[in-house]
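*Asks:* One structure follows; several queries about it will come next.
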Amino acid sequence: MGKKRLDSHEFVVLQTKLTQALQGGGIQRIEKQHEKGKLSARERIAELVDSGSFEELDMFRLPETSAFGSEKQSFLGDGVVTGSAKVDGRFVYLYAQDFTVNGGSLSKTHAAKICKVMDMAVKAGVPIIALNDSGGARVQDGIDSLAGYGDIFLRNVMNSGVIPQITAILGPCAGGAVYSPAIQDFVVMTQSNSYMFVTGPKVVKSVIYEDVSSSQLGGANVHGTKSGVAHILSDNDQKALFAIRRILSYLPSNNTKQPPYSPPADKWDRVSPKIADIVPEDNHKPYDVRDVVNEVVDSGVFFEISEKYAPNIVIGFCRMNGRPVGVVANQPNVKAGVLDIDASVKAARFIRFCDAFNIPLITFVDVPGFMPGTDQEHRGIIRHGAKLLYAYAEATVPKVTVILRKAYGGAYIIMNSRHLRGDVVYAWPSAEIAVMGARGAAEIIFKKDADQSGNPEAYIKEKEIEYENHFSNPYRAAEKGYVDSVIIPGETRPKIIKALEILAEKKDMLPAKKHGCMPL
């Protein structure tokens with residue numbers, strides 16, 4: 001029996017439904033999005049994915065509830081566009097909330113569509129991308145909308161460390177909705193139209209009498225500089241979506257794959273005669289560690305993450321001889337590169353992500369220690385600093401460390417030292433590895449003798465120089481095997497690449513356990 005042909009009536013019905021679904025909440029509402037400088041849900045997908053690759057799912061689904069007049073706002077697709085696509089030729093699943101339909105609010109059906117593509121993504125072993133633009137829970141759905149959020153959160157947790165999860169906040173994201181992005185790996189926010197908060201300005205004012213705007217409470221600048229929730233800040237939708245493409249370019253599709261190789265335009269054995277001049281000999285003088293990173297990585301291309309949050313430590317992605325690598329570097333240009341609470345948590349989270357997805361780590365060290373003072377101690381620098389220690393010690397990916405200048409005290413240990421299973425530790429000749437700076441050490445060791453010397457300042461200065469000559473160099477650590485090699489600064493790039501190549505197949509085992517108890 002032959003295949004039934006589509007008759008004219010069936011064709012008209014299909015075309016009508018397709019037109020209705022593609023228009024979301026209607027042309028006028030789409031135009032309002034444009035007036036705010038926002039793209040529609042489908043325009044965002046088209047901007048993100050490879051041309052013609054998007055395959056939509058559940059286009060014709062409708063909301064199940066009709067309570068409180070919600071049947072009058074019933075639209076095909078129910079406020080979220082879901083499906084699969086390719087980004088730079090690689091498969092992803094994604095969903096884009098449609099603010100033109102009930103403000104993109106989450107109903108039972110809306111949540112079910114999202115859960116379906118999340119389940120399909122983990123089965124296929126490909127990333128899931130979320131484009132958020134939602135007013136929150138669909139009030140008319142009552143408890144079903146809250147259940148929907150719970151179903152999404154569970155999948156975020158189960159998929160964590162299995163497939164990459166990336167979200168863009170392209171409009172409002174409030175209440176329980178904020179916890180799905182918070183669990184995901186990377187959050188991109190737009191400067192003008194996006195905000196995130198658990199409770200909005202009206203509730204804040206009614207409960208604690210604080211008068212605050214949405215942007216002041218949870219705008220992109222707040223989350224990019226103060227809370228650390230946002231990893232990338234973009235001017236508009238287009239740049240936010242490009243940032244997602246760029247992040248994906250460094251990531252494997254899942255935790256069983258290796259990151260994508262890209263043939264390098266740079267020579268693997270390139271030396272940098274000027275790199276040593278970037279770091280001042282005086283260890284009190286600041287410099288921008290990103291200048292060092294740019295000299296080392298392929299073609300000087302470094303993609304920084306969380307640039308404006310805890311800027312005293314730098315994290316991001318690069319390529320070394322074509323292979324993606326994660327970079328962690330102390331930043332002497334900000335707070336002398338000291339480790340504080342925010343820097344510790346920022347770096348620890350990044351290290352754990354790289355470890356989960358088989359991305360090797362390079363650590364550039366120039367750290368005077370941990371931030372002192374009652375503020376840091378009372379807010380838990382011990383507990384939060386331990387997260388960084390834990391992350392480095394737990395990571396099993398190839399880990400290469402380069403000590404550029406100073407590495408003092410506990411901060412030396414924590415910054416991927418040999419003692420925490422750093423695989424290869426290099427040091428520049430300018431490196432100073434000691435319990436503390438020479439002046440402080442001299443004052444502690446020789447205080448009593450200085451007081452009896454008749455000229456305490458001169459005596460301490462003499463002992464400071466003596467301590468520097470003894471400890472303020474990398475050779476004591478090299479003699480004991482804590483530093484594998486003292487290298488010429490200009491040869492840093494080829495040395496790292498050689499180390500990463502031989503470590504490419506390394507096996508580092510963890511003891512059998514359900515999971516460790518990180519000091520959260």
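Letters A, B, ... mark the chains of the structure tokens in the order given; residue numbers begin at 1 per chain; ligand numbers begin at 1, in order shown.
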If you count only C-alpha atoms, which residues fall within 6 Å of region 317-321 of chain A, apart from same-chain ones fewer than 3 positions away, as a ChimeraX atom specification?
*Replies:* /A:264,268,297-298,302-303,324-326
*Asks:* Pull N, CA and C atoms from the residues just selected and write them as a PDB file, in the first residue's frame.
*Replies:*
```pdb
ATOM      1  N   PRO A 264      47.250  24.330  15.298  1.00  0.00           N
ATOM      2  CA  PRO A 264      47.754  25.643  15.719  1.00  0.00           C
ATOM      3  C   PRO A 264      48.441  26.398  14.589  1.00  0.00           C
ATOM      4  N   TRP A 268      55.166  25.326  18.220  1.00  0.00           N
ATOM      5  CA  TRP A 268      55.180  24.773  19.573  1.00  0.00           C
ATOM      6  C   TRP A 268      56.449  25.159  20.320  1.00  0.00           C
ATOM      7  N   VAL A 297      50.773  31.196  25.474  1.00  0.00           N
ATOM      8  CA  VAL A 297      49.721  30.398  24.848  1.00  0.00           C
ATOM      9  C   VAL A 297      49.726  30.550  23.328  1.00  0.00           C
ATOM     10  N   ASP A 298      49.034  29.649  22.645  1.00  0.00           N
ATOM     11  CA  ASP A 298      48.976  29.679  21.179  1.00  0.00           C
ATOM     12  C   ASP A 298      48.483  31.036  20.678  1.00  0.00           C
ATOM     13  N   PHE A 302      43.969  34.221  24.781  1.00  0.00           N
ATOM     14  CA  PHE A 302      43.559  33.765  26.111  1.00  0.00           C
ATOM     15  C   PHE A 302      42.137  34.232  26.362  1.00  0.00           C
ATOM     16  N   PHE A 303      41.237  33.295  26.650  1.00  0.00           N
ATOM     17  CA  PHE A 303      39.820  33.602  26.882  1.00  0.00           C
ATOM     18  C   PHE A 303      39.578  33.612  28.380  1.00  0.00           C
ATOM     19  N   PRO A 324      43.118  22.412  24.036  1.00  0.00           N
ATOM     20  CA  PRO A 324      42.578  23.275  25.089  1.00  0.00           C
ATOM     21  C   PRO A 324      43.212  23.006  26.454  1.00  0.00           C
ATOM     22  N   VAL A 325      43.441  24.088  27.178  1.00  0.00           N
ATOM     23  CA  VAL A 325      44.053  24.034  28.501  1.00  0.00           C
ATOM     24  C   VAL A 325      43.369  25.086  29.376  1.00  0.00           C
ATOM     25  N   GLY A 326      43.239  24.791  30.668  1.00  0.00           N
ATOM     26  CA  GLY A 326      42.761  25.777  31.628  1.00  0.00           C
ATOM     27  C   GLY A 326      43.939  26.456  32.308  1.00  0.00           C
TER      28      GLY A 326
END
```
*Asks:* Just the residues within 9 Å of region 392-401 of chain A, please, counting only C-alpha atoms, with nothing from its chain fewer than 3 positions along; format it as an NGL selection string.
*Replies:* :A and (348 or 351-352 or 354-365 or 387-389 or 414-427 or 496 or 499-500 or 503-510)
*Asks:* Extract, using only C-alpha atoms, all DNA, RNA and protein residues at most 9 Å from region 207-214 of chain A, discarding same-chain residues fewer than 6 positions from it, and format them as an mmCIF file with N, CA and C atoms, in the first residue's frame.
*Replies:*
```
data_model
loop_
_atom_site.group_PDB
_atom_site.id
_atom_site.type_symbol
_atom_site.label_atom_id
_atom_site.label_comp_id
_atom_site.auth_asym_id
_atom_site.auth_seq_id
_atom_site.Cartn_x
_atom_site.Cartn_y
_atom_site.Cartn_z
ATOM 1 N N TYR A 195 18.769 40.279 34.648
ATOM 2 C CA TYR A 195 18.972 40.359 36.088
ATOM 3 C C TYR A 195 18.563 39.043 36.729
ATOM 4 N N MET A 196 19.163 38.769 37.884
ATOM 5 C CA MET A 196 18.882 37.558 38.648
ATOM 6 C C MET A 196 18.775 37.921 40.124
ATOM 7 N N PHE A 197 17.752 37.421 40.778
ATOM 8 C CA PHE A 197 17.664 37.544 42.227
ATOM 9 C C PHE A 197 16.655 36.545 42.761
ATOM 10 N N GLY A 200 12.636 39.793 44.561
ATOM 11 C CA GLY A 200 12.678 41.029 43.806
ATOM 12 C C GLY A 200 12.629 42.276 44.666
ATOM 13 N N PRO A 201 12.791 43.447 44.031
ATOM 14 C CA PRO A 201 12.818 44.722 44.751
ATOM 15 C C PRO A 201 11.589 44.976 45.614
#
```
*Asks:* Pull the closest atom pair for each residue of region 301-389 of chain A that gets at most 7 Å from region 225-247 of chain A, along with the distance in Å to one decimal, counting only C-alpha atoms, ordering rows by chain and then ascending residue number, as JSON lines.
*Replies:*
```
{"residue": "A:Ile305", "atom": "CA", "partner": "A:His231", "partner_atom": "CA", "distance": 5.7}
{"residue": "A:Ser306", "atom": "CA", "partner": "A:His231", "partner_atom": "CA", "distance": 4.4}
{"residue": "A:Lys308", "atom": "CA", "partner": "A:Thr225", "partner_atom": "CA", "distance": 5.1}
{"residue": "A:Tyr309", "atom": "CA", "partner": "A:Thr225", "partner_atom": "CA", "distance": 4.4}
```
*Asks:* One number please: CA of His378 (chain A) to CA of Met518 (chain A), in Å, one decimal.
*Replies:* 19.4 Å
*Asks:* Out of region 358-499 of chain A, which residues get alpha helix (DSSP H) from DSSP, as a ChimeraX atom specification?
*Replies:* /A:374-379,381-394,409-414,438-445,447-451,456-471,475-479,492-499
*Asks:* Mind checking which residues fall within 10 Å of Arg405 (chain A), counting only C-alpha atoms, ignoring those fewer than 3 positions away in the same chain, and posting them as a PyMOL selection string?
*Replies:* chain A and resi 279-283+364-368+402+408+427-433+472-474
*Asks:* List the neighbours of Val126 (chain A) out to 12 Å using only C-alpha atoms; skip same-chain residues closer than 2 positions along the sequence, and give me the result as a count of residues only.
*Replies:* 34
*Asks:* Residues within 8 Å of region 286-288 of chain A, please, as a list in words. Count only C-alpha atoms; anything in the same chain fewer than 4 positions from it doesn't count.
*Replies:*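 Contacts, in chain order: Ile278, Val279, Pro280, Val292, Gln331, Pro332, Asn333, Val334 and Ala336 of chain A.
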*Asks:* Take the selection from the previous step and output its residues with C-alpha atoms, as a PDB file, in the first residue's frame.
*Replies:*
```pdb
ATOM      1  CA  ILE A 278      57.388  41.532  32.048  1.00  0.00           C
ATOM      2  CA  VAL A 279      58.069  40.453  35.629  1.00  0.00           C
ATOM      3  CA  PRO A 280      59.933  43.107  37.676  1.00  0.00           C
ATOM      4  CA  VAL A 292      52.927  36.466  30.704  1.00  0.00           C
ATOM      5  CA  GLN A 331      47.506  38.545  39.508  1.00  0.00           C
ATOM      6  CA  PRO A 332      50.120  40.840  41.156  1.00  0.00           C
ATOM      7  CA  ASN A 333      48.369  43.831  39.566  1.00  0.00           C
ATOM      8  CA  VAL A 334      45.450  43.460  42.017  1.00  0.00           C
ATOM      9  CA  ALA A 336      49.525  41.984  45.032  1.00  0.00           C
TER      10      ALA A 336
END
```
*Asks:* I need the residue nearest Gly380 (chain A) from this list: A:Gly104, A:Pro519, A:Gly125, A:Gly219. Use only C-alpha atoms for the distance.
*Replies:*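 Using only C-alpha atoms, Gly380 (chain A) sits closest to A:Pro519.
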*Asks:* Ranking A:Gly150, A:Gly135, A:Pro127, A:Pro489 by minimum distance to Gly175 (chain A) and counting only C-alpha atoms, which one comes first?
*Replies:*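 Residue with the minimum atom-to-atom distance to Gly175 (chain A): A:Gly135.
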*Asks:* Using only C-alpha atoms, which of A:Asn193, A:Phe350, A:Leu217, A:Asp342 sits nearest Glu304 (chain A)?
*Replies:* A:Phe350
*Asks:* Which is closer to Ala391 (chain A) than all the others in A:Asn102, A:Ser344, A:Gln97, A:Ser74, using only C-alpha atoms?
*Replies:*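 Ranked by minimum distance to Ala391 (chain A), first place goes to A:Ser344.
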*Asks:* Per DSSP on the backbone, filter region 162-253 of chain A down to the residues in strand (DSSP E) and report them as a VMD selection string.
*Replies:* chain A and resid 165 to 169 172 to 174 186 to 190 195 to 197 232 to 234
*Asks:* Just the residues within 9 Å of region 77-79 of chain A, please, counting only C-alpha atoms, with nothing from its chain fewer than 6 positions along; format it as a list in words.
*Replies:* Ala21, Leu22, Gly24, Gly25, Asp58, Met59, Phe60, Arg61, Leu62, Pro63, Ala96, Gln97, Asp98, Phe99, Thr100, Val101, Asn102, Gly103, Gly104, Ser105, Leu106, Ser107, Thr109, His110, Lys113 and Ser134 of chain A
*Asks:* How would the residues just picked look written out with N, CA and C atoms as a short mmCIF file (atom, residue, chain, number, x, y, z; two decimals), in the first residue's frame?
*Replies:*
```cif
data_model
loop_
_atom_site.label_atom_id
_atom_site.label_comp_id
_atom_site.auth_asym_id
_atom_site.auth_seq_id
_atom_site.Cartn_x
_atom_site.Cartn_y
_atom_site.Cartn_z
N ALA A 21 2.88 28.64 15.85
CA ALA A 21 3.97 28.29 16.76
C ALA A 21 5.18 29.20 16.56
N LEU A 22 5.50 29.49 15.32
CA LEU A 22 6.68 30.29 15.02
C LEU A 22 6.54 31.74 15.46
N GLY A 24 5.12 32.66 18.27
CA GLY A 24 5.12 32.76 19.72
C GLY A 24 3.90 33.51 20.22
N GLY A 25 4.13 34.57 20.97
CA GLY A 25 3.03 35.38 21.50
C GLY A 25 2.50 36.41 20.53
N ASP A 58 8.60 19.32 20.16
CA ASP A 58 7.43 19.74 20.97
C ASP A 58 6.91 21.13 20.62
N MET A 59 6.95 21.44 19.34
CA MET A 59 6.48 22.75 18.88
C MET A 59 5.00 22.96 19.15
N PHE A 60 4.23 21.87 19.14
CA PHE A 60 2.78 22.00 19.23
C PHE A 60 2.22 21.71 20.62
N ARG A 61 3.08 21.56 21.61
CA ARG A 61 2.58 21.29 22.95
C ARG A 61 1.86 22.50 23.53
N LEU A 62 0.82 22.21 24.31
CA LEU A 62 0.00 23.25 24.93
C LEU A 62 0.01 23.10 26.45
N PRO A 63 -0.22 24.19 27.19
CA PRO A 63 -0.31 24.08 28.65
C PRO A 63 -1.48 23.24 29.07
N ALA A 96 15.22 27.73 24.62
CA ALA A 96 15.16 29.18 24.70
C ALA A 96 13.79 29.60 25.19
N GLN A 97 13.74 30.22 26.34
CA GLN A 97 12.45 30.68 26.87
C GLN A 97 11.95 31.88 26.06
N ASP A 98 10.64 31.87 25.81
CA ASP A 98 10.01 32.87 24.94
C ASP A 98 9.22 33.85 25.80
N PHE A 99 9.77 35.04 25.99
CA PHE A 99 9.13 36.02 26.87
C PHE A 99 7.82 36.54 26.28
N THR A 100 7.61 36.35 24.97
CA THR A 100 6.36 36.83 24.36
C THR A 100 5.17 35.96 24.73
N VAL A 101 5.41 34.79 25.30
CA VAL A 101 4.32 33.90 25.72
C VAL A 101 4.28 33.86 27.25
N ASN A 102 3.32 34.53 27.81
CA ASN A 102 3.15 34.54 29.27
C ASN A 102 4.42 34.93 30.02
N GLY A 103 5.15 35.86 29.43
CA GLY A 103 6.39 36.31 30.06
C GLY A 103 7.43 35.23 30.22
N GLY A 104 7.34 34.17 29.39
CA GLY A 104 8.30 33.07 29.50
C GLY A 104 8.16 32.29 30.78
N SER A 105 7.02 32.44 31.47
CA SER A 105 6.84 31.80 32.78
C SER A 105 6.80 30.28 32.65
N LEU A 106 7.24 29.62 33.72
CA LEU A 106 7.39 28.17 33.69
C LEU A 106 6.13 27.48 34.20
N SER A 107 5.54 26.68 33.33
CA SER A 107 4.38 25.86 33.67
C SER A 107 4.81 24.40 33.71
N THR A 109 3.94 22.10 31.55
CA THR A 109 4.32 21.73 30.19
C THR A 109 5.67 22.32 29.80
N HIS A 110 5.87 23.58 30.12
CA HIS A 110 7.13 24.29 29.86
C HIS A 110 8.30 23.51 30.48
N LYS A 113 9.04 20.13 28.74
CA LYS A 113 9.81 20.29 27.50
C LYS A 113 11.30 20.45 27.79
N SER A 134 12.67 34.76 31.46
CA SER A 134 11.43 34.29 32.06
C SER A 134 11.05 35.11 33.28
#
```
*Asks:* Grab the CA of Val483 (chain A) to CA of Lys498 (chain A) distance for me, in Å with one decimal place.
*Replies:*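 We find that CA of Val483 (chain A) and CA of Lys498 (chain A) lie 16.5 Å from each other.
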*Asks:* Between CA of Gly410 (chain A) and CA of Arg476 (chain A), what is the distance, to one decimal in Å?
*Replies:*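 Going from CA of Gly410 (chain A) over to CA of Arg476 (chain A) covers 17.1 Å.
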